Amino acid sequence: MALASGVSASAAGAAGQAVGRQADGSVVTSTNQRLTPAGQQVEWRAGRPTAVTLSPDGTTAAFLNGDGLAGPEVVTVNLASGAVTNLDPGSEAGSFDGIAYSPDGATIYAADAGGTLQVIPASGGQVSSIAMPGSNPDPGGLALSPDGGTAYVALSRN
């Protein structure tokens, strides 16, 4: 995953090069595209980031990691230092979408492929979950009310 202020992609010039990071800092994808990120890049090995949210104070970004089997469900990145913290509530994999910070930045809410909304203390600690209604609800999009008292969760199957 790359945090960048701009990314360009082009297929020209990528043919015949190995997939992955190149000596010039660009990346060749498996679809024969060359990505040339601008700004600071932060990488981690396990998972597949599917959604991102910025903390209210702008110091961290939290990523929903769609493949919880290979890595943690939520990854936070300190935007100044690039330090990565894994927050794994020990549940199913992260959903395809749906992550938000509480207005005070103390809590991260993450949609879970197992049909719950994970309530994760941003600084670590006891994780709780809220079951979504119906069978196999598959929560996705997520928004919080301005006071943080209500979570609005889009359920793709219910």
# chains A, B, ... in the order shown; residues from 1 in each chain; ligands from 1
$ residues_around --residues "range 144-156 of chain A" --least-positions-apart "2" --cutoff "12 Å" --atoms "only C-alpha atoms" --output "PyMOL selection string"
chain A and resi 56+95-119+130-142+158
$ write_last_selection --atoms "N, CA, C and O atoms" --output "compact mmCIF listing (two decimals), in the first residue's frame"
# COMPACT_ATOMS: atom_id res chain seq x y z
N PRO A 56 -9.16 12.41 13.08
CA PRO A 56 -9.61 13.81 13.15
C PRO A 56 -8.47 14.82 13.27
O PRO A 56 -8.58 15.93 12.75
N SER A 95 -14.07 -6.14 5.96
CA SER A 95 -15.01 -6.12 4.85
C SER A 95 -14.39 -5.43 3.64
O SER A 95 -13.24 -5.01 3.68
N PHE A 96 -15.18 -5.26 2.59
CA PHE A 96 -14.71 -4.60 1.38
C PHE A 96 -14.70 -3.09 1.52
O PHE A 96 -14.09 -2.39 0.74
N ASP A 97 -15.40 -2.56 2.53
CA ASP A 97 -15.45 -1.12 2.75
C ASP A 97 -16.00 -0.88 4.15
O ASP A 97 -16.62 -1.76 4.74
N GLY A 98 -15.76 0.29 4.70
CA GLY A 98 -16.35 0.66 5.97
C GLY A 98 -15.36 0.76 7.11
O GLY A 98 -15.10 -0.19 7.83
N ILE A 99 -14.77 1.94 7.27
CA ILE A 99 -13.88 2.21 8.39
C ILE A 99 -13.99 3.70 8.72
O ILE A 99 -14.12 4.53 7.81
N ALA A 100 -14.01 4.02 10.00
CA ALA A 100 -14.16 5.42 10.42
C ALA A 100 -13.56 5.61 11.80
O ALA A 100 -13.62 4.72 12.64
N TYR A 101 -12.99 6.79 12.04
CA TYR A 101 -12.57 7.21 13.37
C TYR A 101 -13.75 7.88 14.06
O TYR A 101 -14.55 8.56 13.42
N SER A 102 -13.81 7.74 15.37
CA SER A 102 -14.77 8.53 16.16
C SER A 102 -14.35 9.99 16.08
O SER A 102 -13.19 10.30 15.79
N PRO A 103 -15.28 10.91 16.34
CA PRO A 103 -14.93 12.34 16.26
C PRO A 103 -13.75 12.75 17.14
O PRO A 103 -12.99 13.65 16.79
N ASP A 104 -13.56 12.06 18.27
CA ASP A 104 -12.43 12.40 19.15
C ASP A 104 -11.16 11.62 18.80
O ASP A 104 -10.11 11.82 19.41
N GLY A 105 -11.23 10.70 17.83
CA GLY A 105 -10.06 9.94 17.39
C GLY A 105 -9.69 8.79 18.30
O GLY A 105 -8.71 8.09 18.04
N ALA A 106 -10.44 8.55 19.36
CA ALA A 106 -10.08 7.51 20.33
C ALA A 106 -10.51 6.11 19.89
O ALA A 106 -9.98 5.12 20.39
N THR A 107 -11.44 6.03 18.94
CA THR A 107 -11.99 4.73 18.55
C THR A 107 -12.02 4.62 17.03
O THR A 107 -12.29 5.60 16.33
N ILE A 108 -11.74 3.41 16.55
CA ILE A 108 -11.86 3.10 15.13
C ILE A 108 -12.99 2.10 14.99
O ILE A 108 -13.04 1.09 15.70
N TYR A 109 -13.90 2.38 14.07
CA TYR A 109 -15.00 1.46 13.77
C TYR A 109 -14.68 0.81 12.43
O TYR A 109 -14.35 1.50 11.46
N ALA A 110 -14.76 -0.53 12.38
CA ALA A 110 -14.40 -1.25 11.16
C ALA A 110 -15.45 -2.30 10.83
O ALA A 110 -15.80 -3.13 11.68
N ALA A 111 -15.96 -2.26 9.60
CA ALA A 111 -16.90 -3.28 9.14
C ALA A 111 -16.15 -4.60 8.99
O ALA A 111 -15.01 -4.64 8.52
N ASP A 112 -16.80 -5.66 9.40
CA ASP A 112 -16.17 -6.98 9.44
C ASP A 112 -16.93 -7.94 8.54
O ASP A 112 -18.17 -7.97 8.55
N ALA A 113 -16.22 -8.73 7.74
CA ALA A 113 -16.85 -9.66 6.82
C ALA A 113 -17.70 -10.70 7.53
O ALA A 113 -18.56 -11.32 6.92
N GLY A 114 -17.50 -10.87 8.83
CA GLY A 114 -18.29 -11.83 9.60
C GLY A 114 -19.65 -11.30 10.02
O GLY A 114 -20.40 -11.99 10.70
N GLY A 115 -19.99 -10.07 9.62
CA GLY A 115 -21.30 -9.53 9.91
C GLY A 115 -21.38 -8.68 11.15
O GLY A 115 -22.45 -8.50 11.71
N THR A 116 -20.25 -8.13 11.58
CA THR A 116 -20.25 -7.27 12.77
C THR A 116 -19.57 -5.94 12.46
O THR A 116 -18.88 -5.79 11.45
N LEU A 117 -19.78 -5.00 13.35
CA LEU A 117 -19.04 -3.75 13.34
C LEU A 117 -18.07 -3.82 14.51
O LEU A 117 -18.49 -3.94 15.66
N GLN A 118 -16.78 -3.80 14.22
CA GLN A 118 -15.76 -3.87 15.25
C GLN A 118 -15.53 -2.48 15.84
O GLN A 118 -15.43 -1.50 15.10
N VAL A 119 -15.47 -2.40 17.16
CA VAL A 119 -15.23 -1.16 17.89
C VAL A 119 -13.84 -1.31 18.52
O VAL A 119 -13.67 -2.07 19.48
N ILE A 130 -20.41 -5.14 17.43
CA ILE A 130 -21.85 -4.95 17.35
C ILE A 130 -22.34 -5.82 16.19
O ILE A 130 -21.91 -5.64 15.04
N ALA A 131 -23.23 -6.77 16.48
CA ALA A 131 -23.76 -7.65 15.44
C ALA A 131 -24.72 -6.88 14.55
O ALA A 131 -25.53 -6.09 15.02
N MET A 132 -24.60 -7.09 13.26
CA MET A 132 -25.51 -6.49 12.29
C MET A 132 -26.73 -7.39 12.13
O MET A 132 -26.62 -8.60 12.29
N PRO A 133 -27.88 -6.83 11.79
CA PRO A 133 -29.10 -7.64 11.69
C PRO A 133 -29.13 -8.54 10.45
O PRO A 133 -28.46 -8.25 9.45
N GLY A 134 -29.89 -9.61 10.53
CA GLY A 134 -30.10 -10.50 9.39
C GLY A 134 -29.03 -11.56 9.31
O GLY A 134 -28.05 -11.57 10.05
N SER A 135 -29.23 -12.49 8.37
CA SER A 135 -28.23 -13.52 8.17
C SER A 135 -27.30 -13.09 7.05
O SER A 135 -27.75 -12.63 6.00
N ASN A 136 -26.02 -13.18 7.30
CA ASN A 136 -24.99 -12.79 6.34
C ASN A 136 -25.17 -11.36 5.82
O ASN A 136 -25.30 -11.13 4.62
N PRO A 137 -25.17 -10.36 6.71
CA PRO A 137 -25.45 -8.98 6.30
C PRO A 137 -24.36 -8.32 5.46
O PRO A 137 -24.62 -7.40 4.72
N ASP A 138 -23.11 -8.77 5.58
CA ASP A 138 -21.99 -8.23 4.82
C ASP A 138 -21.92 -6.70 4.89
O ASP A 138 -22.16 -6.00 3.91
N PRO A 139 -21.58 -6.15 6.08
CA PRO A 139 -21.51 -4.69 6.22
C PRO A 139 -20.43 -4.09 5.32
O PRO A 139 -19.39 -4.70 5.10
N GLY A 140 -20.72 -2.92 4.81
CA GLY A 140 -19.78 -2.26 3.92
C GLY A 140 -19.57 -0.83 4.31
O GLY A 140 -18.88 -0.53 5.26
N GLY A 141 -20.19 0.10 3.59
CA GLY A 141 -20.01 1.51 3.86
C GLY A 141 -20.37 1.88 5.28
O GLY A 141 -21.22 1.26 5.91
N LEU A 142 -19.70 2.89 5.82
CA LEU A 142 -19.85 3.26 7.23
C LEU A 142 -19.68 4.76 7.38
O LEU A 142 -18.79 5.36 6.78
N ASN A 158 -28.55 -7.17 3.08
CA ASN A 158 -29.83 -7.01 3.80
C ASN A 158 -30.34 -5.61 3.59
O ASN A 158 -29.77 -4.67 4.01
$ atom_distance --atom1 "CA of Asn65 in chain A" --atom2 "CA of Gly47 in chain A"
5.7 Å
$ closest_atom_pairs --of "range 63-145 of chain A" --to "range 17-41 of chain A" --cutoff "12 Å" --atoms "only C-alpha atoms" --output "JSON lines"
{"residue": "A:Val77", "atom": "CA", "partner": "A:Gln41", "partner_atom": "CA", "distance": 10.7}
{"residue": "A:Asn78", "atom": "CA", "partner": "A:Gln40", "partner_atom": "CA", "distance": 11.6}
{"residue": "A:Leu79", "atom": "CA", "partner": "A:Gln40", "partner_atom": "CA", "distance": 8.9}
{"residue": "A:Ala80", "atom": "CA", "partner": "A:Gln40", "partner_atom": "CA", "distance": 9.5}
{"residue": "A:Ser81", "atom": "CA", "partner": "A:Gln40", "partner_atom": "CA", "distance": 9.8}
{"residue": "A:Gly82", "atom": "CA", "partner": "A:Gln41", "partner_atom": "CA", "distance": 8.1}
{"residue": "A:Ala83", "atom": "CA", "partner": "A:Gln41", "partner_atom": "CA", "distance": 11.2}
{"residue": "A:Val84", "atom": "CA", "partner": "A:Gln41", "partner_atom": "CA", "distance": 11.8}
$ write_last_selection --atoms "all heavy atoms" --output "mmCIF file, in the first residue's frame"
data_model
loop_
_atom_site.group_PDB
_atom_site.id
_atom_site.type_symbol
_atom_site.label_atom_id
_atom_site.label_comp_id
_atom_site.auth_asym_id
_atom_site.auth_seq_id
_atom_site.Cartn_x
_atom_site.Cartn_y
_atom_site.Cartn_z
ATOM 1 N N VAL A 77 -1.282 3.900 10.308
ATOM 2 C CA VAL A 77 0.011 4.433 9.885
ATOM 3 C C VAL A 77 0.152 5.842 10.448
ATOM 4 O O VAL A 77 -0.722 6.687 10.258
ATOM 5 C CB VAL A 77 0.129 4.472 8.348
ATOM 6 C CG1 VAL A 77 1.431 5.129 7.914
ATOM 7 C CG2 VAL A 77 0.008 3.076 7.765
ATOM 8 N N ASN A 78 1.247 6.088 11.173
ATOM 9 C CA ASN A 78 1.582 7.429 11.634
ATOM 10 C C ASN A 78 2.072 8.189 10.407
ATOM 11 O O ASN A 78 3.062 7.797 9.781
ATOM 12 C CB ASN A 78 2.667 7.364 12.713
ATOM 13 C CG ASN A 78 3.064 8.727 13.210
ATOM 14 O OD1 ASN A 78 3.500 9.577 12.440
ATOM 15 N ND2 ASN A 78 2.918 8.931 14.499
ATOM 16 N N LEU A 79 1.381 9.253 10.040
ATOM 17 C CA LEU A 79 1.684 9.939 8.787
ATOM 18 C C LEU A 79 2.984 10.733 8.823
ATOM 19 O O LEU A 79 3.553 11.015 7.770
ATOM 20 C CB LEU A 79 0.514 10.830 8.388
ATOM 21 C CG LEU A 79 -0.792 10.064 8.136
ATOM 22 C CD1 LEU A 79 -1.917 11.032 7.802
ATOM 23 C CD2 LEU A 79 -0.627 9.016 7.067
ATOM 24 N N ALA A 80 3.476 11.074 9.994
ATOM 25 C CA ALA A 80 4.750 11.799 10.087
ATOM 26 C C ALA A 80 5.937 10.845 10.010
ATOM 27 O O ALA A 80 6.896 11.091 9.286
ATOM 28 C CB ALA A 80 4.804 12.609 11.375
ATOM 29 N N SER A 81 5.862 9.734 10.744
ATOM 30 C CA SER A 81 7.002 8.823 10.827
ATOM 31 C C SER A 81 6.912 7.626 9.887
ATOM 32 O O SER A 81 7.915 6.987 9.602
ATOM 33 C CB SER A 81 7.143 8.301 12.263
ATOM 34 O OG SER A 81 6.065 7.427 12.577
ATOM 35 N N GLY A 82 5.689 7.288 9.456
ATOM 36 C CA GLY A 82 5.504 6.094 8.639
ATOM 37 C C GLY A 82 5.392 4.816 9.455
ATOM 38 O O GLY A 82 5.310 3.728 8.892
ATOM 39 N N ALA A 83 5.390 4.932 10.785
ATOM 40 C CA ALA A 83 5.297 3.742 11.643
ATOM 41 C C ALA A 83 3.938 3.065 11.458
ATOM 42 O O ALA A 83 2.903 3.722 11.406
ATOM 43 C CB ALA A 83 5.484 4.130 13.099
ATOM 44 N N VAL A 84 3.976 1.735 11.356
ATOM 45 C CA VAL A 84 2.783 0.927 11.137
ATOM 46 C C VAL A 84 2.414 0.200 12.419
ATOM 47 O O VAL A 84 3.275 -0.368 13.093
ATOM 48 C CB VAL A 84 3.034 -0.101 10.009
ATOM 49 C CG1 VAL A 84 1.863 -1.055 9.847
ATOM 50 C CG2 VAL A 84 3.332 0.606 8.698
#
$ residues_around --residues "Asn86 in chain A" --least-positions-apart "5" --cutoff "8 Å" --atoms "only C-alpha atoms" --output "PDB file with all heavy atoms, in the first residue's frame"
ATOM      1  N   PRO A  72      -3.552  -8.425   9.784  1.00  0.00           N
ATOM      2  CA  PRO A  72      -4.500  -7.822  10.717  1.00  0.00           C
ATOM      3  C   PRO A  72      -5.673  -7.186   9.988  1.00  0.00           C
ATOM      4  O   PRO A  72      -5.570  -6.819   8.824  1.00  0.00           O
ATOM      5  CB  PRO A  72      -3.658  -6.766  11.424  1.00  0.00           C
ATOM      6  CG  PRO A  72      -2.620  -6.406  10.404  1.00  0.00           C
ATOM      7  CD  PRO A  72      -2.304  -7.684   9.673  1.00  0.00           C
ATOM      8  N   GLU A  73      -6.790  -7.053  10.687  1.00  0.00           N
ATOM      9  CA  GLU A  73      -7.989  -6.467  10.080  1.00  0.00           C
ATOM     10  C   GLU A  73      -7.852  -4.967   9.880  1.00  0.00           C
ATOM     11  O   GLU A  73      -8.355  -4.416   8.918  1.00  0.00           O
ATOM     12  CB  GLU A  73      -9.202  -6.760  10.954  1.00  0.00           C
ATOM     13  CG  GLU A  73     -10.493  -6.281  10.364  1.00  0.00           C
ATOM     14  CD  GLU A  73     -11.691  -6.767  11.135  1.00  0.00           C
ATOM     15  OE1 GLU A  73     -11.620  -7.794  11.800  1.00  0.00           O
ATOM     16  OE2 GLU A  73     -12.713  -6.075  11.067  1.00  0.00           O
ATOM     17  N   VAL A  74      -7.158  -4.286  10.793  1.00  0.00           N
ATOM     18  CA  VAL A  74      -6.958  -2.842  10.700  1.00  0.00           C
ATOM     19  C   VAL A  74      -5.470  -2.534  10.866  1.00  0.00           C
ATOM     20  O   VAL A  74      -4.815  -3.087  11.741  1.00  0.00           O
ATOM     21  CB  VAL A  74      -7.779  -2.094  11.777  1.00  0.00           C
ATOM     22  CG1 VAL A  74      -7.469  -0.606  11.767  1.00  0.00           C
ATOM     23  CG2 VAL A  74      -9.273  -2.333  11.571  1.00  0.00           C
ATOM     24  N   VAL A  75      -4.970  -1.655  10.012  1.00  0.00           N
ATOM     25  CA  VAL A  75      -3.580  -1.200  10.082  1.00  0.00           C
ATOM     26  C   VAL A  75      -3.619   0.314  10.217  1.00  0.00           C
ATOM     27  O   VAL A  75      -4.314   0.986   9.457  1.00  0.00           O
ATOM     28  CB  VAL A  75      -2.801  -1.595   8.813  1.00  0.00           C
ATOM     29  CG1 VAL A  75      -1.419  -0.975   8.806  1.00  0.00           C
ATOM     30  CG2 VAL A  75      -2.714  -3.109   8.686  1.00  0.00           C
ATOM     31  N   THR A  76      -2.895   0.858  11.198  1.00  0.00           N
ATOM     32  CA  THR A  76      -2.782   2.311  11.297  1.00  0.00           C
ATOM     33  C   THR A  76      -1.363   2.726  10.919  1.00  0.00           C
ATOM     34  O   THR A  76      -0.405   1.996  11.156  1.00  0.00           O
ATOM     35  CB  THR A  76      -3.118   2.845  12.708  1.00  0.00           C
ATOM     36  OG1 THR A  76      -2.209   2.301  13.647  1.00  0.00           O
ATOM     37  CG2 THR A  76      -4.547   2.485  13.099  1.00  0.00           C
TER      38      THR A  76
END
$ closest_residue --among "A:Thr50, A:Ser129, A:Ser123, A:Thr59" --to "Leu87 in chain A" --atoms "only C-alpha atoms"
A:Ser123
$ select_by_dssp --residues "range 18-80 of chain A" --states "strand (DSSP E)" --output "list of chain:residue names"
A:Gly20, A:Arg21, A:Val27, A:Val28, A:Arg34, A:Leu35, A:Thr36, A:Pro37, A:Ala38, A:Pro49, A:Thr50, A:Ala51, A:Val52, A:Thr53, A:Leu54, A:Thr60, A:Ala61, A:Ala62, A:Phe63, A:Leu64, A:Asn65, A:Val74, A:Val75, A:Thr76, A:Val77, A:Asn78
$ atom_distance --atom1 "CA of Pro49 in chain A" --atom2 "CA of Gly66 in chain A"
5.7 Å
